[in-house]
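Structure first, commentary second.
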Amino acid sequence: MTDYILRVSAADGLVRGFFATTHVLVGEAAKIHKTTPVVTAALGRLLTGGVMMGYTMKSEKDLLTLTIKGDGAVGGLLVTADSKGNVKGYANNPQADVPLKENGKLDVGGVVGGGSLTVVKDLGLKEPYSGQVELVNGEIAMDIAYYFATSEQVPSVVSLGVLVDVDYSVKRAGGFIIQLMPGATDELIDELEKTTNIPNITKLLDEGKTPEDLANITLGNMDFEVLEKLPCRFDCGCSKEKVLRALATLPKKDLQNLAQGGKMEVMCHFCNTAHIFDEHEIGELNVKTD
Ligand code: ZN
């Protein structure tokens with residue numbers, strides 16, 4: 001099964017929803033970054049939220065970046081998504097670990113700690129849109145909901161879950177974002193508040209519930225329509241050419257420091273690929289290698 005997102009409209013367009021299954025892409029992120037289970041859960045939730053938020057953007061070139069800075073062991077997380085279901089991300093300290101919570105669950109809030117969530121949307125305008133909020137609890141879902149409410153004034157229910165298996169592989173991952181559009185009535189708000197009372201998302205995912213099931217469970221009382229189904233994936237999109245172009249913008253002095261012994265190695269944080277440039281390629285940057 002591949003990962004996908006459903007875009008749903010309910011109550012004559014006054015409610016919109018995004019429902020995702022992401023266990024393949026979260027599994028890939030965990031494999032690339034060799035994350036501990038609690039970091040897999042933290043990064044996985046941010047990737048899941050990010051890929052759905054990316055889908056809310058309109059144009060092909062739009063780019064969303066979510067940055068979490070926290071005083072917990074993981075230090076920080078960064079996720080980038082486009083509007084077409086491509087997402088990538090990394091944790092500052094993928095090997096960070098904290099004890100389980102008393103209820104036996106992974107302590108995502110504990111490994112993230114207190115800090116901030118910054119959302120940058122590059123929508124092809126002169127200045128990218130940027131909003132920042134303090135973390136509510138570091139559990140990611142509520143932090144994103146708080147961002148929507150305060151920075152974008154869009155009341156939202158956000159639910160994200162990652163289930164890590166005993167062998168550290170990702171068993172399930174997914175979630176949803178449900179939002180009230182301008183003009184929503186009080187009755188509708190009451191109706192939506194009931195969706196926050198649904199059983200916990202990890203349990204639903206563990207039962208094998210699909211995005212379609214999640215839409216039924218949360219919006220089943222309203223008339224809703226699935227508008228689109230979009231496949232999503234972990235995709236870095238980096239290449240030697242792109243890295244070379246980025247290097248060309250660096251000050252000569254920094255490049256000189258990077259080039260050692262006739263070669264230059266640049267690591268991509270997102271996919272852990274080492275891009276190696278030889279003397280000839282470095283020469284194109286007009287840098288001496290000794
Ligand atoms: Zn890469």
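Going by the structure tokens order, chains are called A, B, ..., each with residues numbered from 1, while ligands are numbered from 1 in the order shown.
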Subject >> Within 10 Å of ligand 1, counting only C-alpha atoms and all ligand atoms, residues as a list in words >> reply: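 Residues satisfying the distance criterion: Lys88, Gly89, Asp235, Cys236, Gly237, Cys238, Ser239, Lys240, Lys242, Val243, Met267, Cys268, His269, Phe270, Cys271, Asn272, Thr273, Ala274 and His275 of chain A.
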Original post:
Do you know which residues are at most 8 Å from A:Ala173 counting only C-alpha atoms, after dropping those on the same chain fewer than 6 positions away, and could you put them as an NGL selection string?
Top reply: :A and (21-23 or 26 or 44-45 or 48 or 160-163 or 202 or 205)
Please produce a file of the residues just selected, as a short mmCIF file (atom, residue, chain, number, x, y, z; two decimals), in the first residue's frame, where the atoms kept are C-alpha atoms.
data_model
loop_
_atom_site.label_atom_id
_atom_site.label_comp_id
_atom_site.auth_asym_id
_atom_site.auth_seq_id
_atom_site.Cartn_x
_atom_site.Cartn_y
_atom_site.Cartn_z
CA THR A 21 -1.79 7.56 5.72
CA THR A 22 1.98 8.03 5.83
CA HIS A 23 3.56 4.87 7.18
CA VAL A 26 7.71 7.87 7.86
CA GLY A 44 6.90 11.22 11.68
CA ARG A 45 4.18 13.40 13.15
CA THR A 48 2.57 13.83 8.38
CA LEU A 160 -1.27 12.88 14.16
CA GLY A 161 -0.11 9.41 15.06
CA VAL A 162 2.96 7.21 14.55
CA LEU A 163 3.07 3.66 15.82
CA THR A 202 -2.86 5.77 17.28
CA LEU A 205 -4.41 3.53 13.00
#
Check which residues of stretch 36-58 of chain A sit at most 9 Å from stretch 106-127 of chain A using only C-alpha atoms, and return one row each with the closest pair of atoms and their distance in Å to one decimal, ordered by chain and rising number, as a Markdown table.
| residue | atom | partner | partner_atom | distance |
| --- | --- | --- | --- | --- |
| A:Pro37 | CA | A:Leu106 | CA | 7.5 |
| A:Val38 | CA | A:Leu106 | CA | 5.4 |
| A:Val39 | CA | A:Val108 | CA | 7.3 |
| A:Ala41 | CA | A:Val108 | CA | 6.8 |
| A:Ala42 | CA | A:Val108 | CA | 5.6 |
| A:Gly54 | CA | A:Lys121 | CA | 8.9 |
| A:Met57 | CA | A:Leu123 | CA | 7.9 |
| A:Lys58 | CA | A:Leu123 | CA | 8.4 |
Residues near A:Pro182, anyone? I mean within 10 Å using only C-alpha atoms, not counting same-chain ones fewer than 4 positions away, as an mmCIF file with N, CA and C atoms, in the first residue's frame.
data_model
loop_
_atom_site.group_PDB
_atom_site.id
_atom_site.type_symbol
_atom_site.label_atom_id
_atom_site.label_comp_id
_atom_site.auth_asym_id
_atom_site.auth_seq_id
_atom_site.Cartn_x
_atom_site.Cartn_y
_atom_site.Cartn_z
ATOM 1 N N GLY A 13 -18.831 23.231 2.031
ATOM 2 C CA GLY A 13 -17.559 23.950 1.898
ATOM 3 C C GLY A 13 -17.152 24.742 3.128
ATOM 4 N N LEU A 14 -17.973 24.724 4.187
ATOM 5 C CA LEU A 14 -17.605 25.468 5.397
ATOM 6 C C LEU A 14 -16.589 24.701 6.246
ATOM 7 N N VAL A 15 -16.456 23.423 5.941
ATOM 8 C CA VAL A 15 -15.460 22.596 6.631
ATOM 9 C C VAL A 15 -14.607 21.922 5.569
ATOM 10 N N GLN A 153 -5.601 32.315 11.949
ATOM 11 C CA GLN A 153 -6.992 32.500 12.393
ATOM 12 C C GLN A 153 -7.931 31.464 11.767
ATOM 13 N N VAL A 154 -7.466 30.238 11.658
ATOM 14 C CA VAL A 154 -8.307 29.152 11.138
ATOM 15 C C VAL A 154 -8.474 28.099 12.240
ATOM 16 N N PRO A 155 -9.679 28.030 12.856
ATOM 17 C CA PRO A 155 -9.886 27.003 13.882
ATOM 18 C C PRO A 155 -9.702 25.614 13.260
#
Original post:
Looking at A:Lys253, A:Arg245, A:Met181, A:Leu204, which one is nearest to A:Ala10, with distances taken over only C-alpha atoms?
Top reply: A:Met181
Subject >> Test item: residues at most 7 Å from A:Asn92, only C-alpha atoms, excluding those fewer than 3 positions along its chain, as an MDAnalysis selection string >> reply: chainID A and resid 74:77
Keeping only N, CA, C and O atoms, write those residues as a short mmCIF file (atom, residue, chain, number, x, y, z; two decimals), in the first residue's frame.
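result04.cif, written as the output of this step:
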data_model
loop_
_atom_site.label_atom_id
_atom_site.label_comp_id
_atom_site.auth_asym_id
_atom_site.auth_seq_id
_atom_site.Cartn_x
_atom_site.Cartn_y
_atom_site.Cartn_z
N VAL A 74 16.07 16.14 21.48
CA VAL A 74 16.16 16.09 20.02
C VAL A 74 16.66 17.40 19.42
O VAL A 74 17.14 17.45 18.29
N GLY A 75 16.57 18.47 20.20
CA GLY A 75 17.11 19.76 19.76
C GLY A 75 16.21 20.49 18.79
O GLY A 75 15.82 21.63 19.00
N GLY A 76 15.85 19.83 17.72
CA GLY A 76 14.98 20.47 16.74
C GLY A 76 14.63 19.52 15.62
O GLY A 76 15.24 18.45 15.47
N LEU A 77 13.62 19.91 14.85
CA LEU A 77 13.15 19.11 13.71
C LEU A 77 12.87 20.07 12.57
O LEU A 77 12.42 21.20 12.80
#
**OP:** Using only C-alpha atoms, pick whichever of A:Asn93, A:Val170, A:Tyr55, A:Thr65 has the shortest atom-to-atom distance to A:Gly131.
**Re:**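 Residue with the minimum atom-to-atom distance to A:Gly131: A:Thr65.
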Original post:
By how many Å are atom CA of A:Ser130 and atom CA of A:Val51 apart?
Top reply: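 Straight-line distance from atom CA of A:Ser130 to atom CA of A:Val51 works out to 17.4 Å.
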**OP:** Run DSSP on the backbone of this structure and report the residues of stretch 50-287 of chain A it assigns to strand (DSSP E or B), as number ranges by chain.
**Re:** A: 63-70, 76-82, 86-91, 115-122, 129-134, 156-164, 170-180, 224-231, 233-234, 260, 263-267, 274-277
Subject >> DSSP alpha helix (DSSP H) residues within stretch 126-242 of chain A, as a ChimeraX atom specification >> reply: /A:141-151,186-195,201-206,211-219,240-242
